[in-house]
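Colleague: Can you keep this structure in mind? I'll have questions shortly.
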Amino acid sequence: MGGEAVHGAQLEQLLALGQLRTPESQVMPTSRAEHAGLGGPLILLTPGGSSQLAYVEVQNVSRFITEPDEVRIVAARHGSIRAQALTPSDDSLTAIKELLR
């Protein structure tokens, strides 16, 4: 969406964020035909002093998950996605730089 200029600006922003200490960026290589992230986006939340929560979306449906067993499933999927993606520092940033070329 938005064409090459928008895509390039997004990649530049990801590179800038990747240089910061706190956030971690991990790239899922397009060569991985199947991976744990194909089910759609997910967000894990850990409010201060509370149990972990999850939020998932698919097409026009979103769901806030509070049931601990279901949250654990989403958290496990998140762990699988991270394990299948490139390393947060060098490999992912290098992949983003390659896309910019």
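A note on labels: chains of the structure tokens are A, B, ... as shown, every chain counts residues from 1, and ligands are counted from 1 in their shown order.
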I'd like the neighbourhood of Gly79 of chain A as a list in words, where a residue qualifies if any of its atoms comes within 12 Å (using only C-alpha atoms), though same-chain residues fewer than 5 positions away should be ignored.
Modeller: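 Surrounding residues, per the criterion: His35, Ala36, Gly37, Leu42, Leu44, Arg72, Ile73, Val74, Gln84 and Ala85 of chain A.
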Colleague: Determine, counting only C-alpha atoms, which protein, DNA and RNA residues have an atom within 8 Å of an atom of segment 3-11 of chain A; residues of the same chain fewer than 3 positions away are not included. Present the result as a ChimeraX atom specification.
Modeller: /A:14-15,96-97,99-100
Colleague: Which residues are close to Gln59 of chain A, i.e. within 12 Å by only C-alpha atoms, leaving aside same-chain residues fewer than 4 positions away? Reply as a ChimeraX atom specification.
Modeller: /A:39-41,63
Colleague: List the neighbours of segment 18-24 of chain A out to 9 Å using only C-alpha atoms; skip same-chain residues closer than 5 positions along the sequence, and give me the result as a VMD selection string.
Modeller: chain A and resid 13 88 to 89 92 to 93
Colleague: Atoms to include: N, CA, C and O atoms. Write the selected residues as a PDB file, in the first residue's frame.
Modeller:
ATOM      1  N   GLN A  13      12.201   3.784   8.717  1.00  0.00           N
ATOM      2  CA  GLN A  13      11.742   3.919  10.104  1.00  0.00           C
ATOM      3  C   GLN A  13      12.079   2.668  10.909  1.00  0.00           C
ATOM      4  O   GLN A  13      12.504   2.755  12.064  1.00  0.00           O
ATOM      5  N   PRO A  88      17.215 -10.632  16.057  1.00  0.00           N
ATOM      6  CA  PRO A  88      16.765  -9.247  16.170  1.00  0.00           C
ATOM      7  C   PRO A  88      17.779  -8.200  15.726  1.00  0.00           C
ATOM      8  O   PRO A  88      17.397  -7.163  15.216  1.00  0.00           O
ATOM      9  N   SER A  89      19.037  -8.439  15.920  1.00  0.00           N
ATOM     10  CA  SER A  89      19.993  -7.372  15.644  1.00  0.00           C
ATOM     11  C   SER A  89      20.514  -7.427  14.212  1.00  0.00           C
ATOM     12  O   SER A  89      19.914  -6.889  13.299  1.00  0.00           O
ATOM     13  N   SER A  92      18.257  -9.263  11.001  1.00  0.00           N
ATOM     14  CA  SER A  92      17.036  -8.557  10.617  1.00  0.00           C
ATOM     15  C   SER A  92      17.345  -7.185  10.043  1.00  0.00           C
ATOM     16  O   SER A  92      16.770  -6.781   9.034  1.00  0.00           O
ATOM     17  N   LEU A  93      18.263  -6.456  10.661  1.00  0.00           N
ATOM     18  CA  LEU A  93      18.625  -5.141  10.140  1.00  0.00           C
ATOM     19  C   LEU A  93      19.282  -5.247   8.776  1.00  0.00           C
ATOM     20  O   LEU A  93      19.032  -4.438   7.887  1.00  0.00           O
TER      21      LEU A  93
END
Colleague: DSSP on the backbone: which residues in segment 3-68 of chain A end up as helix (DSSP H, G or I)? Give the answer as a list in words.
Modeller: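 Put together, the selection reads Gly3, Glu4, Ala5, Val6, His7, Gly8, Ala9, Gln10, Leu11, Glu12, Gln13, Leu14, Leu15, Ala16, Leu17, Gly18, Ala36, Gly37, Leu38, Gly39 and Pro68 of chain A.
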Colleague: DSSP on the backbone: what in chain A comes out strand (DSSP E or B), as a ChimeraX atom specification?
Modeller: /A:42-45,53-58,61-65
Colleague: Applying 12 Å and only C-alpha atoms, which residues near Gln52 of chain A remain after dropping the ones on its own chain fewer than 4 positions away? List them as a list in words.
Modeller: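 The neighbour list is Ile43, Leu44, Leu45, Thr46, Pro47, Gly48, Phe64, Ile65, Thr66, Glu67, Pro68, Asp69, Glu70, Val71, Arg72, Ile73, Val74 and Ala75 of chain A.
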Colleague: I'd like the neighbourhood of Thr87 of chain A as a short mmCIF file (atom, residue, chain, number, x, y, z; two decimals) with N, CA, C and O atoms, in the first residue's frame, where a residue qualifies if any of its atoms comes within 12 Å (using only C-alpha atoms), though same-chain residues fewer than 4 positions away should be ignored.
Modeller:
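Output file around-v8.cif is given in full below:
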data_model
loop_
_atom_site.label_atom_id
_atom_site.label_comp_id
_atom_site.auth_asym_id
_atom_site.auth_seq_id
_atom_site.Cartn_x
_atom_site.Cartn_y
_atom_site.Cartn_z
N GLY A 18 15.43 0.05 14.92
CA GLY A 18 16.35 -1.05 15.19
C GLY A 18 17.65 -0.60 15.83
O GLY A 18 18.36 -1.40 16.43
N GLU A 24 12.93 -4.38 19.79
CA GLU A 24 13.61 -5.38 18.96
C GLU A 24 12.80 -5.58 17.69
O GLU A 24 11.59 -5.73 17.74
N SER A 25 13.48 -5.58 16.57
CA SER A 25 12.84 -5.85 15.29
C SER A 25 13.34 -7.19 14.78
O SER A 25 14.54 -7.42 14.74
N GLN A 26 12.40 -8.05 14.39
CA GLN A 26 12.78 -9.32 13.78
C GLN A 26 12.03 -9.47 12.47
O GLN A 26 10.83 -9.19 12.40
N VAL A 27 12.75 -9.88 11.46
CA VAL A 27 12.19 -10.05 10.12
C VAL A 27 11.95 -11.53 9.86
O VAL A 27 12.81 -12.37 10.11
N MET A 28 10.75 -11.83 9.35
CA MET A 28 10.45 -13.19 8.92
C MET A 28 10.82 -13.26 7.44
O MET A 28 10.25 -12.54 6.61
N PRO A 29 11.79 -14.09 7.10
CA PRO A 29 12.21 -14.17 5.69
C PRO A 29 11.07 -14.64 4.79
O PRO A 29 10.29 -15.51 5.16
N ILE A 81 7.10 -17.80 16.43
CA ILE A 81 7.37 -16.79 15.41
C ILE A 81 8.77 -16.21 15.61
O ILE A 81 9.55 -16.10 14.66
N ARG A 82 9.09 -15.87 16.84
CA ARG A 82 10.43 -15.30 17.12
C ARG A 82 11.54 -16.29 16.79
O ARG A 82 12.59 -15.91 16.28
N ALA A 83 11.29 -17.58 17.07
CA ALA A 83 12.31 -18.59 16.78
C ALA A 83 12.51 -18.79 15.28
O ALA A 83 13.61 -19.09 14.82
N ASP A 91 20.99 -9.79 11.69
CA ASP A 91 20.35 -10.44 10.55
C ASP A 91 19.11 -9.68 10.08
O ASP A 91 18.92 -9.47 8.88
N SER A 92 18.26 -9.26 11.00
CA SER A 92 17.04 -8.56 10.62
C SER A 92 17.34 -7.18 10.04
O SER A 92 16.77 -6.78 9.03
N LEU A 93 18.26 -6.46 10.66
CA LEU A 93 18.62 -5.14 10.14
C LEU A 93 19.28 -5.25 8.78
O LEU A 93 19.03 -4.44 7.89
N THR A 94 20.09 -6.27 8.57
CA THR A 94 20.71 -6.49 7.27
C THR A 94 19.65 -6.79 6.22
O THR A 94 19.71 -6.27 5.10
N ALA A 95 18.65 -7.59 6.57
CA ALA A 95 17.56 -7.91 5.63
C ALA A 95 16.79 -6.65 5.26
O ALA A 95 16.43 -6.46 4.09
#
Colleague: Mind giving me the straight-line distance from atom CA of Leu38 of chain A to atom CA of Ser80 of chain A in Å, one decimal?
Modeller: 11.5 Å
